[in-house]
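What's in run30.txt: compact mmCIF, C-alpha atoms and all ligand atoms
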```txt
# COMPACT_ATOMS: atom_id res chain seq x y z
CA MET K 564 -38.04 -30.67 -18.81
CA ILE K 565 -34.96 -29.35 -17.06
CA LEU K 566 -31.86 -31.47 -17.46
CA LYS K 567 -29.46 -31.42 -14.54
CA PRO K 568 -25.95 -31.79 -15.89
CA ASP K 569 -23.18 -33.42 -13.92
CA TYR K 570 -20.77 -30.89 -12.56
CA ASN K 571 -17.51 -30.66 -10.67
CA VAL K 572 -16.55 -27.95 -8.22
CA VAL K 573 -13.16 -26.53 -9.16
CA SER K 574 -11.21 -23.49 -8.06
CA LEU K 575 -11.67 -20.51 -10.34
CA PHE K 576 -7.89 -20.40 -10.60
CA ASP K 577 -7.85 -23.87 -12.18
CA ILE K 578 -10.31 -23.24 -14.99
CA ASP K 579 -8.89 -23.74 -18.45
CA PHE K 580 -11.53 -22.43 -20.82
CA LYS K 581 -9.93 -23.95 -23.95
CA GLU K 582 -9.97 -27.40 -22.35
CA ILE K 583 -13.60 -26.95 -21.31
CA LYS K 584 -14.56 -26.06 -24.88
CA SER K 585 -12.65 -29.03 -26.26
CA LEU K 586 -14.74 -31.30 -24.01
CA GLY K 587 -17.88 -29.99 -25.66
CA ILE K 588 -19.05 -28.16 -22.55
CA ASN K 589 -20.94 -25.04 -23.49
CA ALA K 590 -21.81 -23.52 -20.14
CA VAL K 591 -19.97 -23.06 -16.87
CA LEU K 592 -21.69 -22.21 -13.59
CA PHE K 593 -19.88 -19.80 -11.29
CA ASP K 594 -20.46 -19.55 -7.59
CA LEU K 595 -20.64 -15.79 -7.34
CA ASP K 596 -20.41 -15.91 -3.54
CA SER K 597 -16.90 -17.29 -3.76
CA THR K 598 -13.72 -15.29 -4.05
CA VAL K 599 -13.07 -12.47 -6.53
CA MET K 600 -12.87 -13.53 -10.15
CA PRO K 601 -9.23 -13.57 -11.19
CA SER K 602 -8.04 -12.50 -14.59
CA LYS K 603 -6.69 -15.43 -16.54
CA SER K 604 -2.94 -15.80 -16.10
CA GLY K 605 -1.05 -14.00 -18.84
CA GLU K 606 -3.89 -11.58 -19.55
CA TYR K 607 -3.29 -9.30 -16.60
CA PRO K 608 -1.87 -6.00 -17.87
CA PRO K 609 1.91 -6.52 -17.42
CA LYS K 610 2.54 -2.78 -16.92
CA VAL K 611 0.07 -2.66 -14.03
CA LYS K 612 1.41 -5.88 -12.55
CA GLU K 613 4.97 -4.52 -12.62
CA LEU K 614 4.01 -1.25 -10.93
CA LEU K 615 1.98 -3.04 -8.24
CA ASN K 616 4.86 -5.43 -7.65
CA ASP K 617 7.24 -2.49 -7.27
CA GLN K 618 4.79 -0.78 -4.93
CA VAL K 619 4.98 -3.73 -2.52
CA ASN K 620 8.69 -3.00 -2.32
CA LYS K 621 8.19 0.76 -2.04
CA GLU K 622 5.78 0.34 0.89
CA MET K 623 8.26 -1.96 2.64
CA TYR K 624 10.95 0.67 2.06
CA SER K 625 8.61 3.27 3.61
CA ALA K 626 8.38 1.03 6.69
CA TYR K 627 12.19 0.88 6.83
CA LEU K 628 12.46 4.64 6.44
CA TYR K 629 9.98 5.35 9.24
CA LEU K 630 11.70 2.83 11.48
CA ASP K 631 14.88 4.83 10.89
CA PHE K 632 13.00 8.04 11.79
CA SER K 633 11.73 6.31 14.93
CA GLY K 634 15.26 5.36 15.95
CA PHE K 635 16.47 8.94 15.40
CA MET K 636 13.64 10.47 17.46
CA GLY K 637 14.24 7.97 20.26
CA TYR K 638 17.94 8.84 20.21
CA LYS K 639 16.95 12.51 20.56
CA GLY K 640 14.89 11.68 23.66
CA LEU K 641 11.50 12.10 21.98
CA SER K 642 9.96 8.75 22.82
CA GLY K 643 6.45 9.84 21.72
CA PHE K 644 7.66 10.80 18.23
CA ALA K 645 9.62 7.52 18.16
CA ALA K 646 6.47 5.52 19.00
CA TRP K 647 4.46 7.48 16.39
CA TYR K 648 6.95 6.63 13.62
CA LYS K 649 7.16 3.00 14.69
CA LYS K 650 3.39 2.79 14.35
CA GLN K 651 3.73 4.44 10.95
CA ALA K 652 6.26 1.76 9.95
CA GLU K 653 3.68 -0.91 10.86
CA GLU K 654 1.06 0.84 8.73
CA GLU K 655 3.41 0.85 5.75
CA MET K 656 3.86 -2.90 6.04
CA GLU K 657 0.07 -3.26 6.07
CA HIS K 658 -0.03 -1.27 2.82
CA ALA K 659 2.52 -3.67 1.31
CA PHE K 660 0.50 -6.72 2.42
CA LYS K 661 -2.70 -5.24 0.99
CA ILE K 662 -1.13 -4.94 -2.45
CA TYR K 663 0.57 -8.34 -2.08
CA ASP K 664 -2.83 -9.95 -1.39
CA TYR K 665 -4.42 -8.12 -4.32
CA ILE K 666 -1.76 -9.36 -6.76
CA HIS K 667 -2.33 -12.94 -5.59
CA ALA K 668 -6.11 -12.51 -5.83
CA ASN K 669 -5.50 -11.77 -9.51
CA GLY K 670 -3.80 -15.13 -9.99
CA GLU K 671 -0.38 -13.53 -10.26
CA LYS K 672 2.72 -14.04 -8.14
CA VAL K 673 4.60 -11.30 -6.30
CA GLU K 674 8.32 -11.10 -6.91
CA LEU K 675 9.89 -9.91 -3.67
CA LEU K 676 12.70 -7.45 -4.32
CA ALA K 677 15.54 -6.31 -2.05
CA ILE K 678 14.55 -3.53 0.35
CA ALA K 679 16.98 -0.64 0.10
CA LYS K 680 18.78 0.85 3.09
CA PRO K 681 17.13 4.15 4.15
CA ASN K 682 19.18 6.72 2.28
CA ILE K 683 18.13 10.01 3.91
CA ALA K 684 20.66 11.70 6.20
CA LEU K 685 18.86 12.60 9.45
CA ASN K 686 20.20 15.80 11.01
CA ASP K 687 17.58 17.36 13.25
CA GLU K 688 13.98 16.78 14.28
CA LEU K 689 12.32 19.35 12.01
CA GLN K 690 14.33 18.17 8.99
CA VAL K 691 13.18 14.59 9.68
CA LEU K 692 9.54 15.72 9.76
CA LYS K 693 10.00 17.57 6.47
CA GLU K 694 11.63 14.51 4.89
CA GLY K 695 8.52 12.56 5.98
CA LEU K 696 6.28 14.94 4.05
CA LYS K 697 8.54 14.82 0.99
CA HIS K 698 8.48 11.04 1.08
CA GLU K 699 4.68 10.90 1.29
CA GLN K 700 4.38 13.31 -1.67
CA TYR K 701 6.65 10.94 -3.61
CA VAL K 702 4.47 7.94 -2.63
CA THR K 703 1.37 9.85 -3.75
CA SER K 704 2.96 10.32 -7.18
CA LEU K 705 3.63 6.55 -7.37
CA ILE K 706 0.02 5.74 -6.43
CA HIS K 707 -1.32 8.19 -9.01
CA ASN K 708 0.93 6.64 -11.63
CA ILE K 709 -0.48 3.16 -10.92
CA TYR K 710 -4.02 4.53 -11.17
CA GLU K 711 -3.26 6.31 -14.44
CA THR K 712 -1.61 3.21 -15.94
CA ALA K 713 -4.57 1.05 -14.89
CA MET K 714 -6.90 3.58 -16.50
CA ASN K 715 -4.93 3.51 -19.77
CA GLU K 716 -4.97 -0.30 -19.72
CA LYS K 717 -8.73 -0.34 -18.97
CA ASP K 718 -7.95 -2.28 -15.77
CA TYR K 719 -11.06 -1.13 -13.89
CA ARG K 720 -10.57 -3.47 -10.95
CA THR K 721 -7.16 -2.02 -10.14
CA MET K 722 -8.56 1.51 -10.47
CA GLN K 723 -11.17 0.64 -7.88
CA PHE K 724 -8.57 -1.05 -5.67
CA MET K 725 -6.32 2.01 -5.83
CA ASP K 726 -9.13 4.32 -4.65
CA TRP K 727 -8.35 3.32 -1.06
CA PHE K 728 -4.68 4.25 -1.51
CA ILE K 729 -5.51 7.61 -3.07
CA LYS K 730 -7.61 8.49 -0.02
CA GLU K 731 -4.95 7.12 2.31
CA GLN K 732 -2.28 9.32 0.70
CA CYS K 733 -4.39 12.43 1.40
CA GLU K 734 -4.35 11.47 5.08
CA GLU K 735 -0.63 10.65 5.07
CA GLU K 736 0.26 14.05 3.64
CA GLU K 737 -2.07 15.81 6.07
CA ASN K 738 -0.51 13.98 9.03
CA ALA K 739 3.00 14.86 7.89
CA GLU K 740 2.03 18.54 7.43
CA GLU K 741 0.43 18.61 10.87
CA LEU K 742 3.55 17.22 12.51
CA ILE K 743 5.65 19.94 10.89
CA SER K 744 3.34 22.78 11.90
CA LYS K 745 3.06 21.49 15.49
CA PHE K 746 6.81 21.15 15.80
CA GLU K 747 7.34 24.63 14.38
CA LYS K 748 4.89 26.02 16.97
CA TYR K 749 5.93 24.07 20.05
CA GLY K 750 9.38 22.67 19.29
CA LYS K 751 11.30 25.48 20.99
CA ASP K 752 9.24 25.51 24.20
CA LEU K 753 10.42 22.51 26.25
CA ALA K 754 7.20 22.20 28.29
CA ALA K 755 5.03 22.36 25.16
CA LEU K 756 7.31 19.90 23.34
CA TYR K 757 7.04 17.50 26.27
CA GLU K 758 3.24 17.59 26.00
CA LEU K 759 3.31 17.21 22.21
CA ASP K 760 5.65 14.24 22.48
CA LYS K 761 3.43 12.66 25.11
CA SER K 762 0.30 13.02 22.96
CA LEU K 763 2.01 11.53 19.89
CA GLY K 764 3.06 8.53 21.97
CA LYS K 765 -0.62 7.69 22.45
CA ARG K 766 -1.21 6.88 18.76
CA ASP K 767 -2.92 3.52 18.37
MG MG T 1 2.10 3.76 2.40
```
When written as structure tokens, how does the structure in this file appear?
Ligand code: MG
Amino acid sequence: MILKPDYNVVSLFDIDFKEIKSLGINAVLFDLDSTVMPSKSGEYPPKVKELLNDQVNKEMYSAYLYLDFSGFMGYKGLSGFAAWYKKQAEEEMEHAFKIYDYIHANGEKVELLAIAKPNIALNDELQVLKEGLKHEQYVTSLIHNIYETAMNEKDYRTMQFMDWFIKEQCEEEENAEELISKFEKYGKDLAALYELDKSLGKRD
């Protein structure tokens, strides 16, 4: 004979396992089709949480930096480069939101920090492109550090989550390198630069 116990549907975030045990309940049914299983509050590796929280801020700073680059390129009359960097700024905000959502999915709360003023002096177009590459290399090092910390803390979910960012950083560095090499090739020929600028303006 199969006994059907009474049950209540509760959010996974609200489950208090100690309380359940104290009520003499020995089994809990999970709806595996529902949202991701959060770690219990207070058990999430604090080191990983802190780095992820900082990364939200770093990605927002990247957006600020690229918006600054966009403004500089527009000022220099390169509206295609300006549009390309503005799009890049939007992507950086998407990166921040992705991490923000992940932290919340783990039952933790994001602490929003002040976004710093872009602190790179912008002198000429090629220097700006090179600063872009340097910045992406720096971001790659931050992403790798989060992955490594998660690995040391045996936080397998965050390792898997960070896979996307590791791949994304490969693309970001490649894009930055490509911009530099194209500008070095065509930057001095006004007709070629016009075409390059036009093509960059088409980025979706
Ligand atoms: Mg990014």
Q) Could you state the separation of CA of Ala626 (chain K) and CA of Ala679 (chain K) in Å, given to one decimal place? A)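 Distance reported for this atom pair: 11.0 Å.
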Could you please extract the residues within 12 Å of ligand MG 1 (chain T), counting only C-alpha atoms and all ligand atoms, and hand them back as a PyMOL selection string?
chain K and resi 618-629+651-662+695+698-706+725+727-736
query = Which residue, K:Lys765, K:Trp647, K:Leu614, K:Tyr757, has the smallest gap to His707 (chain K) when you use all atoms listed in the file?
reply =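 So, comparing all the options, the nearest one is K:Leu614.
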(message) Need the shell around Lys745 (chain K): protein/DNA/RNA residues with any atom at most 10 Å away, counting all atoms listed in the file. Skip same-chain ones fewer than 6 positions apart. Format as a PyMOL selection string?
(response) chain K and resi 755-756+759
Contacts of Leu675 (chain K) at 9 Å (all atoms listed in the file; same-chain gap of 2+ positions) as number ranges by chain | K: 616-617, 619-620, 673, 677-678
With distances taken over only C-alpha atoms, the candidate from K:Ala739, K:Met722, K:Ile709, K:Ala754 nearest Lys610 (chain K) is K:Ile709
